[in-house]
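File shown: input06.txt (compact mmCIF, C-alpha atoms).
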```txt
# COMPACT_ATOMS: atom_id res chain seq x y z
CA MET A 66 288.00 -46.35 202.68
CA ILE A 67 290.09 -43.43 203.93
CA ARG A 68 292.95 -44.58 201.71
CA LEU A 69 290.63 -44.43 198.68
CA VAL A 70 289.54 -40.89 199.56
CA VAL A 71 293.16 -39.76 199.99
CA ILE A 72 294.19 -41.31 196.66
CA ALA A 73 291.20 -39.72 194.91
CA LEU A 74 292.10 -36.35 196.41
CA ILE A 75 295.71 -36.68 195.26
CA VAL A 76 294.55 -37.59 191.74
CA VAL A 77 292.24 -34.56 191.58
CA VAL A 78 294.99 -32.20 192.80
CA ALA A 79 297.50 -33.68 190.32
CA TRP A 80 294.99 -33.30 187.46
CA PHE A 81 294.33 -29.67 188.44
CA LEU A 82 298.07 -28.90 188.55
CA LEU A 83 298.64 -30.62 185.21
CA VAL A 84 295.88 -28.59 183.52
CA LYS A 85 297.24 -25.39 185.05
CA LEU A 86 300.77 -26.24 183.91
CA ILE A 87 299.58 -26.92 180.35
CA ARG A 88 297.79 -23.55 180.25
CA VAL A 89 300.90 -21.73 181.47
CA LEU A 90 303.16 -23.53 178.98
CA LYS A 91 300.82 -22.73 176.06
CA SER A 92 300.93 -19.03 176.83
CA ALA A 93 304.67 -18.86 177.58
CA ASN A 94 307.57 -18.56 175.18
CA VAL A 95 309.49 -21.75 175.86
CA ASP A 96 312.65 -22.86 174.07
CA TRP A 97 311.46 -26.39 173.30
CA THR A 98 314.82 -27.34 171.76
CA GLY A 99 316.55 -26.74 175.08
CA VAL A 100 313.85 -28.53 177.05
CA THR A 101 313.97 -31.61 174.82
CA THR A 102 317.78 -31.62 174.96
CA ILE A 103 317.73 -31.62 178.76
CA ILE A 104 315.10 -34.38 178.84
CA GLY A 105 317.15 -36.36 176.32
CA PHE A 106 320.30 -36.12 178.43
CA ILE A 107 318.40 -37.22 181.53
CA ALA A 108 316.87 -40.17 179.68
CA LEU A 109 320.29 -41.10 178.28
CA ALA A 110 321.80 -40.99 181.78
CA PHE A 111 319.13 -43.33 183.15
CA TRP A 112 319.46 -45.68 180.17
CA LEU A 113 323.26 -45.83 180.46
CA ARG A 114 322.97 -46.43 184.21
CA HIS A 115 320.56 -49.29 183.50
CA ILE A 116 322.81 -50.81 180.83
CA THR A 117 326.17 -50.43 182.56
CA GLY A 118 325.10 -50.56 186.21
CA MET A 119 327.45 -47.69 187.02
CA GLY A 120 326.52 -44.34 188.49
```
As structure tokens - that is how I would like this structure written.
Amino acid sequence: MIRLVVIALIVVVAWFLLVKLIRVLKSANVDWTGVTTIIGFIALAFWLRHITGMG
């Protein structure tokens, strides 16, 4: 039962932080091209590590 309460609390805190982050990002001037490029390179690195097994 305590585990369920802790998990529920973590979910509520994560949801609150996600909503707050979305509000901040909507009001901020963000270079989305740079952000997507960085995310793309990270995804490519993980994919290549999965395919080749190196790294």
Enclose segment 100-117 of chain A, meaning all of its atoms listed in the file, in a box aligned along x, y and z, pad it by 4 Å on each side, and list the centre and edge lengths in Å to one decimal, as lines of an AutoDock Vina configuration file.
```
center_x = 320.0
center_y = -39.7
center_z = 179.5
size_x = 20.3
size_y = 30.3
size_z = 17.4
```
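Computed from the coordinates, the atom CA of Leu90 of chain A to atom CA of Ile104 of chain A distance equals 16.1 Å.
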Pairwise distance for atom CA of Arg68 of chain A and atom CA of Phe81 of chain A, rounded to one decimal in Å
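Interatomic distance here is 20.0 Å.
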For atom CA of Val100 of chain A and atom CA of Val84 of chain A, determine how far apart the two atoms are, in Å to one decimal place.
19.1 Å
